[in-house]
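Undergrad: Following this message is one structure expressed as structure tokens.
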Number of protein chains: 2
Amino acid sequence: MVQEVVLGIDIGGSLTKIGLVTQAGTIVTKTVFKTEAQKPFPDFMKKLKLEVDNLISNSGPDIKILSVGVGAPNANPYTGQIENPPNLKWGPATPISKSIEQAFEFHVSLANDANAAALGEMLYGAAKGMKNFVTLTLGTGLGSGLIVDGKLVIGQHGVAGELGHVNVDPYGRKCNCGLHGCLETYASVTGIKRTVFELISNMREDSPLRSLSFEELTGTAISDAALSGDVIALRAFERTGEILGSKMADTVAHLDPEAFILSGGLSKAGEILLNPVKTSMENHLFNAYKGKISVLLSKATSADAVLGPAALAWTALERTTVI
Amino acid sequence: MVQEVVLGIDIGGSLTKIGLVTQAGTIVTKTVFKTEAQKPFPDFMKKLKLEVDNLISNSGPDIKILSVGVGAPNANPYTGQIENPPNLKWGPATPISKSIEQAFEFHVSLANDANAAALGEMLYGAAKGMKNFVTLTLGTGLGSGLIVDGKLVIGQHGVAGELGHVNVDPYGRKCNCGLHGCLETYASVTGIKRTVFELISNMREDSPLRSLSFEELTGTAISDAALSGDVIALRAFERTGEILGSKMADTVAHLDPEAFILSGGLSKAGEILLNPVKTSMENHLFNAYKGKISVLLSKATSADAVLGPAALAWTALERTTVI
């Protein structure tokens, strides 16, 4: 029997993940390769073509690919381009949709990687069955995806859902984007590292974190220290949770969602992060929302990264066939 | 020829406005009466019935009412109730939709007044033809309505779009809602009055505003003073615009809208408000949005208040007839 799948492609700054995914969200086969974003874009396309062809030929004769979904940083669904990405050295505008369409002769659906991840959570993940929720990916930066009434919010210019850049403090930390005090300078792996360094500079307590340089310090090291009761690490999670929770309350005042789904490196800390986030959000919520908004951890691992782009492709197929 | 209309009902804390409105947005006939919100709800319903019956009998035999749209403070479209309104003394939950349906035997569509106003702007006002925009009503408080992809954002619990309660400063001004530093304590007629009093307390300059008590002070008095070059009034508009603009930048990072539409008493100040709002928003915008978001003044007057509820009714009719 022929198995219908879509090809999910998740392009990251360091790794690109590809996989064939059924409508139910089963990853039939997948692989990972280095993006090598410092090389020219045509080199990436050659490599992608090779890897996808290998993936298809290894997946057996009974696989039928219906469509392709692509998630990439700074991808714009309206233009089909990756625009001004900070971590990919392919220039200001890469025609990713057209290039992949020409290489594989499938229809390509494109979304910002964090937006695609939100669709993945809705179809296959922690937000299954929800119609109003927000995903926050707490990695190197803070990515987000907004789902309103069962649909991804894309916005007028294709750039909705940049919650990493809502403002915490106009005189606060310098952000990569040029602004000061953006949420991702506090609530991300990089953000909590900055908080740990600020705390080390202000506090007197001993901590294993004092032996690490900024480059050596990782989110895992901070989580591990917090789990073993390290005061600085615990304080860092409290501050991060306080700031993130207060800004989530602002997001609630916009969208009145059912839940937030947290993913990414920082979310691996679990309750250590969740508890201060929930407390702070609840304290900052307008009365009408109090006690009504869930904060959940994503169940997705980095190996599931193709599910977001696959969900995007399946959603596009549904729209064109079921009217 | 029979003219098809909907009945728009805008229930306010002091006045209730009703009108018969065509699909093109022409108000065929309208009237206003005192809500008298301190009296029991059945008294209001009696008065509403009388006023609507008068309106209909005075509008001639060729009018055909298709549906009713109701806008009211704290109205929840899912429950059909007005819930915990600060300015209506009808108790914690008033079954407004059911009561009006029983009184007039028409289908009733209900929305929060500020949300209904956003639909009015989309169908008949400054946002005509737009699919992604945000309305901000700067009156006694700050009301808002979010339109995403041509639809009103209602949220999971029917309470989306409470931008009056996003946080400016967690240690800031006490808000009616119990929180501190909510946007509406700065960016509203009441907010700018508070700012004028803060400035009077800090500054030494002469000002006609120094002769007014807080109760005497009005938004118009502040606008008039600003127009004649009063330093305190001008500073108050600058601060208000700075705060409002920075929070609008956060809203952009959520929704990537085409425009904001400002209405309500404070917006009557025109450029004096618009200029600092636009400058501040632009300064706080993430790169991807810079130069792309318009800030417009609503053309609606308080006499047009029935257009929002009417737009709600027409939108509901379209959904049920055109599928």
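Identifiers in this document derive from the order of the structure tokens: chains are assigned A, B, ..., residues are numbered from 1 separately in each chain, and ligands are numbered from 1 in order of occurrence.
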Near Met1 (chain A), within 12 Å and counting only C-alpha atoms, which residues show up once chain neighbours fewer than 6 positions away are dropped, as a list in words?
TA: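 Contacts, with the query itself left out: Gly60, Pro61, Asp62, Ile63 and Lys64 of chain A.
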Undergrad: Restrict the calculation to only C-alpha atoms, then for each residue of chain B with any atom at most 8 Å from an atom of chain A give the closest atom pair and their distance in Å to one decimal, rows by chain and rising residue number, as JSON lines.
TA:
```
{"residue": "B:Lys131", "atom": "CA", "partner": "A:Gln156", "partner_atom": "CA", "distance": 7.6}
{"residue": "B:Asn132", "atom": "CA", "partner": "A:Gln156", "partner_atom": "CA", "distance": 5.9}
{"residue": "B:Leu146", "atom": "CA", "partner": "A:His254", "partner_atom": "CA", "distance": 7.8}
{"residue": "B:Val148", "atom": "CA", "partner": "A:Gly155", "partner_atom": "CA", "distance": 7.2}
{"residue": "B:Asp149", "atom": "CA", "partner": "A:Gly155", "partner_atom": "CA", "distance": 7.4}
{"residue": "B:Val153", "atom": "CA", "partner": "A:Leu255", "partner_atom": "CA", "distance": 7.0}
{"residue": "B:Ile154", "atom": "CA", "partner": "A:Leu255", "partner_atom": "CA", "distance": 7.6}
{"residue": "B:Gly155", "atom": "CA", "partner": "A:Asp256", "partner_atom": "CA", "distance": 4.6}
{"residue": "B:Gln156", "atom": "CA", "partner": "A:Pro257", "partner_atom": "CA", "distance": 5.4}
{"residue": "B:His157", "atom": "CA", "partner": "A:Asp256", "partner_atom": "CA", "distance": 6.6}
{"residue": "B:Gly158", "atom": "CA", "partner": "A:Asp256", "partner_atom": "CA", "distance": 7.5}
{"residue": "B:Val159", "atom": "CA", "partner": "A:Asp256", "partner_atom": "CA", "distance": 6.0}
{"residue": "B:Ala160", "atom": "CA", "partner": "A:Asp256", "partner_atom": "CA", "distance": 4.6}
{"residue": "B:Gly161", "atom": "CA", "partner": "A:His254", "partner_atom": "CA", "distance": 4.7}
{"residue": "B:Glu162", "atom": "CA", "partner": "A:Ala253", "partner_atom": "CA", "distance": 4.9}
{"residue": "B:Leu163", "atom": "CA", "partner": "A:Ala253", "partner_atom": "CA", "distance": 5.8}
{"residue": "B:His165", "atom": "CA", "partner": "A:Phe286", "partner_atom": "CA", "distance": 6.6}
{"residue": "B:Val166", "atom": "CA", "partner": "A:Asp250", "partner_atom": "CA", "distance": 4.8}
{"residue": "B:Asn167", "atom": "CA", "partner": "A:Asp250", "partner_atom": "CA", "distance": 6.6}
{"residue": "B:Cys177", "atom": "CA", "partner": "A:Phe286", "partner_atom": "CA", "distance": 7.0}
{"residue": "B:Leu179", "atom": "CA", "partner": "A:His284", "partner_atom": "CA", "distance": 7.1}
{"residue": "B:Ala249", "atom": "CA", "partner": "A:Val166", "partner_atom": "CA", "distance": 7.5}
{"residue": "B:Asp250", "atom": "CA", "partner": "A:Val166", "partner_atom": "CA", "distance": 4.8}
{"residue": "B:Thr251", "atom": "CA", "partner": "A:His254", "partner_atom": "CA", "distance": 7.7}
{"residue": "B:Val252", "atom": "CA", "partner": "A:Ala160", "partner_atom": "CA", "distance": 7.5}
{"residue": "B:Ala253", "atom": "CA", "partner": "A:Glu162", "partner_atom": "CA", "distance": 4.9}
{"residue": "B:His254", "atom": "CA", "partner": "A:Gly161", "partner_atom": "CA", "distance": 4.7}
{"residue": "B:Leu255", "atom": "CA", "partner": "A:Ala160", "partner_atom": "CA", "distance": 4.8}
{"residue": "B:Asp256", "atom": "CA", "partner": "A:Ala160", "partner_atom": "CA", "distance": 4.6}
{"residue": "B:Pro257", "atom": "CA", "partner": "A:Gln156", "partner_atom": "CA", "distance": 5.4}
{"residue": "B:Glu258", "atom": "CA", "partner": "A:Gln156", "partner_atom": "CA", "distance": 5.6}
{"residue": "B:His284", "atom": "CA", "partner": "A:Leu179", "partner_atom": "CA", "distance": 7.1}
{"residue": "B:Phe286", "atom": "CA", "partner": "A:His165", "partner_atom": "CA", "distance": 6.5}
{"residue": "B:Asn287", "atom": "CA", "partner": "A:Cys177", "partner_atom": "CA", "distance": 7.1}
{"residue": "B:Ala288", "atom": "CA", "partner": "A:Val159", "partner_atom": "CA", "distance": 7.2}
{"residue": "B:Tyr289", "atom": "CA", "partner": "A:Val159", "partner_atom": "CA", "distance": 7.9}
```
Undergrad: Selected residues, C-alpha atoms, written as an mmCIF file, in the first residue's frame, please.
TA:
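Below is the file that was written, out-v2.cif:
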```cif
data_model
loop_
_atom_site.group_PDB
_atom_site.id
_atom_site.type_symbol
_atom_site.label_atom_id
_atom_site.label_comp_id
_atom_site.auth_asym_id
_atom_site.auth_seq_id
_atom_site.Cartn_x
_atom_site.Cartn_y
_atom_site.Cartn_z
ATOM 1 C CA LYS B 131 -7.219 42.693 7.141
ATOM 2 C CA ASN B 132 -4.711 43.160 9.959
ATOM 3 C CA LEU B 146 -7.595 43.180 17.255
ATOM 4 C CA VAL B 148 -6.225 39.309 12.325
ATOM 5 C CA ASP B 149 -6.659 38.100 8.753
ATOM 6 C CA VAL B 153 -9.750 38.077 17.679
ATOM 7 C CA ILE B 154 -12.058 36.813 20.439
ATOM 8 C CA GLY B 155 -9.724 34.456 22.281
ATOM 9 C CA GLN B 156 -10.232 31.211 24.143
ATOM 10 C CA HIS B 157 -12.433 32.711 26.872
ATOM 11 C CA GLY B 158 -14.000 35.585 24.887
ATOM 12 C CA VAL B 159 -11.780 38.240 26.452
ATOM 13 C CA ALA B 160 -9.045 38.953 23.860
ATOM 14 C CA GLY B 161 -7.897 42.517 23.205
ATOM 15 C CA GLU B 162 -7.512 44.035 26.660
ATOM 16 C CA LEU B 163 -4.531 46.184 25.726
ATOM 17 C CA HIS B 165 -3.987 46.218 30.824
ATOM 18 C CA VAL B 166 -0.599 45.453 29.302
ATOM 19 C CA ASN B 167 2.047 46.522 31.749
ATOM 20 C CA CYS B 177 -8.360 46.546 37.872
ATOM 21 C CA LEU B 179 -2.839 45.814 39.040
ATOM 22 C CA ALA B 249 5.688 48.369 19.234
ATOM 23 C CA ASP B 250 5.126 45.327 21.487
ATOM 24 C CA THR B 251 1.722 44.784 19.879
ATOM 25 C CA VAL B 252 3.407 44.916 16.466
ATOM 26 C CA ALA B 253 5.869 42.205 17.624
ATOM 27 C CA HIS B 254 2.807 40.051 18.306
ATOM 28 C CA LEU B 255 0.580 40.708 15.300
ATOM 29 C CA ASP B 256 2.513 42.536 12.555
ATOM 30 C CA PRO B 257 -0.520 44.705 11.716
ATOM 31 C CA GLU B 258 -0.909 47.103 8.799
ATOM 32 C CA HIS B 284 10.909 50.742 19.590
ATOM 33 C CA PHE B 286 12.056 45.522 15.644
ATOM 34 C CA ASN B 287 13.868 46.044 12.300
ATOM 35 C CA ALA B 288 11.514 43.885 10.247
ATOM 36 C CA TYR B 289 8.645 46.284 11.020
#
```
Undergrad: Can you tell me, as a PyMOL selection string, which residues in region 13-188 of chain A count as strand (DSSP E) by DSSP?
TA: chain A and resi 15-21+27-34+63-72+75-76+81-83+93-94+108-112+133-138+142-148+151-152
Undergrad: Can I get the selection written as a short mmCIF file (atom, residue, chain, number, x, y, z; two decimals), in the first residue's frame, with N, CA and C atoms?
TA:
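Contents of selection-v1.cif, as written:
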```
data_model
loop_
_atom_site.label_atom_id
_atom_site.label_comp_id
_atom_site.auth_asym_id
_atom_site.auth_seq_id
_atom_site.Cartn_x
_atom_site.Cartn_y
_atom_site.Cartn_z
N LEU A 15 22.44 23.14 11.83
CA LEU A 15 21.99 21.87 11.27
C LEU A 15 20.71 22.03 10.45
N THR A 16 20.61 21.22 9.39
CA THR A 16 19.36 21.14 8.64
C THR A 16 18.81 19.73 8.82
N LYS A 17 17.52 19.65 9.17
CA LYS A 17 16.90 18.36 9.41
C LYS A 17 15.83 18.12 8.37
N ILE A 18 15.81 16.92 7.79
CA ILE A 18 14.79 16.60 6.80
C ILE A 18 14.13 15.28 7.17
N GLY A 19 12.87 15.14 6.83
CA GLY A 19 12.17 13.90 7.16
C GLY A 19 10.89 13.76 6.37
N LEU A 20 10.45 12.51 6.20
CA LEU A 20 9.18 12.23 5.55
C LEU A 20 8.16 11.92 6.65
N VAL A 21 7.04 12.61 6.62
CA VAL A 21 6.11 12.57 7.75
C VAL A 21 4.69 12.30 7.26
N ILE A 27 7.12 10.08 11.78
CA ILE A 27 8.30 10.34 10.95
C ILE A 27 8.76 9.01 10.37
N VAL A 28 8.51 8.80 9.07
CA VAL A 28 8.82 7.52 8.42
C VAL A 28 10.33 7.36 8.32
N THR A 29 11.00 8.43 7.95
CA THR A 29 12.46 8.39 7.85
C THR A 29 12.97 9.83 7.94
N LYS A 30 14.18 9.98 8.44
CA LYS A 30 14.71 11.34 8.57
C LYS A 30 16.23 11.32 8.59
N THR A 31 16.82 12.49 8.38
CA THR A 31 18.26 12.61 8.50
C THR A 31 18.62 14.07 8.84
N VAL A 32 19.89 14.25 9.19
CA VAL A 32 20.39 15.57 9.59
C VAL A 32 21.70 15.83 8.86
N PHE A 33 21.90 17.05 8.43
CA PHE A 33 23.22 17.39 7.89
C PHE A 33 23.58 18.83 8.27
N LYS A 34 24.89 19.14 8.12
CA LYS A 34 25.34 20.48 8.49
C LYS A 34 24.90 21.51 7.45
N ILE A 63 6.37 4.92 -0.93
CA ILE A 63 6.22 6.25 -0.36
C ILE A 63 5.81 7.24 -1.45
N LYS A 64 4.73 8.00 -1.16
CA LYS A 64 4.33 9.04 -2.12
C LYS A 64 4.39 10.41 -1.44
N ILE A 65 5.28 11.28 -1.94
CA ILE A 65 5.42 12.61 -1.36
C ILE A 65 4.39 13.54 -1.99
N LEU A 66 3.59 14.21 -1.15
CA LEU A 66 2.52 15.08 -1.64
C LEU A 66 2.93 16.55 -1.70
N SER A 67 3.81 16.94 -0.81
CA SER A 67 4.12 18.37 -0.71
C SER A 67 5.35 18.55 0.16
N VAL A 68 5.88 19.78 0.21
CA VAL A 68 7.06 20.07 1.01
C VAL A 68 6.76 21.24 1.95
N GLY A 69 7.17 21.10 3.21
CA GLY A 69 7.07 22.21 4.16
C GLY A 69 8.46 22.60 4.62
N VAL A 70 8.73 23.89 4.64
CA VAL A 70 10.06 24.37 5.03
C VAL A 70 9.94 25.36 6.18
N GLY A 71 10.71 25.12 7.22
CA GLY A 71 10.83 26.09 8.32
C GLY A 71 12.26 26.61 8.33
N ALA A 72 12.40 27.92 8.43
CA ALA A 72 13.75 28.51 8.44
C ALA A 72 13.71 29.81 9.22
N ALA A 75 12.15 33.33 7.75
CA ALA A 75 11.48 33.01 6.50
C ALA A 75 10.16 33.77 6.44
N ASN A 76 9.86 34.30 5.26
CA ASN A 76 8.63 35.06 5.06
C ASN A 76 7.70 34.32 4.10
N GLN A 81 10.89 34.00 0.79
CA GLN A 81 12.32 34.25 1.00
C GLN A 81 12.73 34.11 2.46
N ILE A 82 14.02 33.83 2.66
CA ILE A 82 14.65 34.01 3.97
C ILE A 82 15.24 35.41 3.93
N GLU A 83 14.79 36.28 4.87
CA GLU A 83 15.15 37.70 4.79
C GLU A 83 16.01 38.15 5.98
N ALA A 93 18.34 38.36 1.05
CA ALA A 93 17.07 37.73 0.63
C ALA A 93 17.35 36.48 -0.19
N THR A 94 17.08 35.32 0.40
CA THR A 94 17.33 34.04 -0.28
C THR A 94 16.00 33.46 -0.74
N VAL A 108 5.88 24.07 -2.35
CA VAL A 108 6.58 24.35 -1.09
C VAL A 108 5.79 25.34 -0.24
N SER A 109 5.55 24.98 1.03
CA SER A 109 4.99 25.93 2.00
C SER A 109 6.13 26.37 2.92
N LEU A 110 6.23 27.68 3.11
CA LEU A 110 7.35 28.22 3.88
C LEU A 110 6.83 28.95 5.12
N ALA A 111 7.55 28.80 6.23
CA ALA A 111 7.23 29.59 7.42
C ALA A 111 8.50 29.83 8.22
N ASN A 112 8.47 30.88 8.99
CA ASN A 112 9.47 31.10 10.03
C ASN A 112 9.56 29.83 10.88
N PHE A 133 -3.37 29.34 21.21
CA PHE A 133 -2.22 29.16 22.09
C PHE A 133 -0.99 29.84 21.50
N VAL A 134 0.05 29.91 22.32
CA VAL A 134 1.29 30.58 21.93
C VAL A 134 2.45 29.66 22.28
N THR A 135 3.35 29.44 21.32
CA THR A 135 4.56 28.67 21.62
C THR A 135 5.73 29.62 21.81
N LEU A 136 6.56 29.30 22.78
CA LEU A 136 7.78 30.07 23.03
C LEU A 136 8.95 29.11 23.00
N THR A 137 9.87 29.32 22.07
CA THR A 137 11.05 28.48 21.95
C THR A 137 12.22 29.22 22.57
N LEU A 138 12.66 28.72 23.73
CA LEU A 138 13.69 29.40 24.50
C LEU A 138 15.04 28.76 24.22
N LEU A 142 14.79 33.85 21.50
CA LEU A 142 13.43 33.46 21.86
C LEU A 142 12.56 33.53 20.61
N GLY A 143 12.11 32.37 20.13
CA GLY A 143 11.20 32.34 18.98
C GLY A 143 9.79 32.11 19.46
N SER A 144 8.81 32.53 18.66
CA SER A 144 7.43 32.33 19.08
C SER A 144 6.52 32.10 17.89
N GLY A 145 5.40 31.44 18.17
CA GLY A 145 4.37 31.24 17.17
C GLY A 145 3.02 31.46 17.82
N LEU A 146 2.14 32.19 17.13
CA LEU A 146 0.82 32.50 17.69
C LEU A 146 -0.24 31.76 16.88
N ILE A 147 -1.08 31.00 17.58
CA ILE A 147 -2.21 30.36 16.91
C ILE A 147 -3.49 31.00 17.43
N VAL A 148 -4.28 31.57 16.51
CA VAL A 148 -5.55 32.21 16.86
C VAL A 148 -6.66 31.51 16.08
N LYS A 151 -5.58 28.96 13.55
CA LYS A 151 -4.72 29.33 12.43
C LYS A 151 -3.48 30.08 12.89
N LEU A 152 -2.38 29.85 12.17
CA LEU A 152 -1.14 30.57 12.45
C LEU A 152 -1.31 32.05 12.11
#
```
Undergrad: What does the structure give for the distance between CA of Glu216 (chain B) and CA of Arg235 (chain B), in Å to one decimal?
TA: 19.7 Å
Undergrad: Can you pull out the residues contacting Ala226 (chain A)? Cut-off 9 Å, using only C-alpha atoms, and skip same-chain residues under 5 positions away; I want them as a ChimeraX atom specification.
TA: /A:221,231-237,269,272
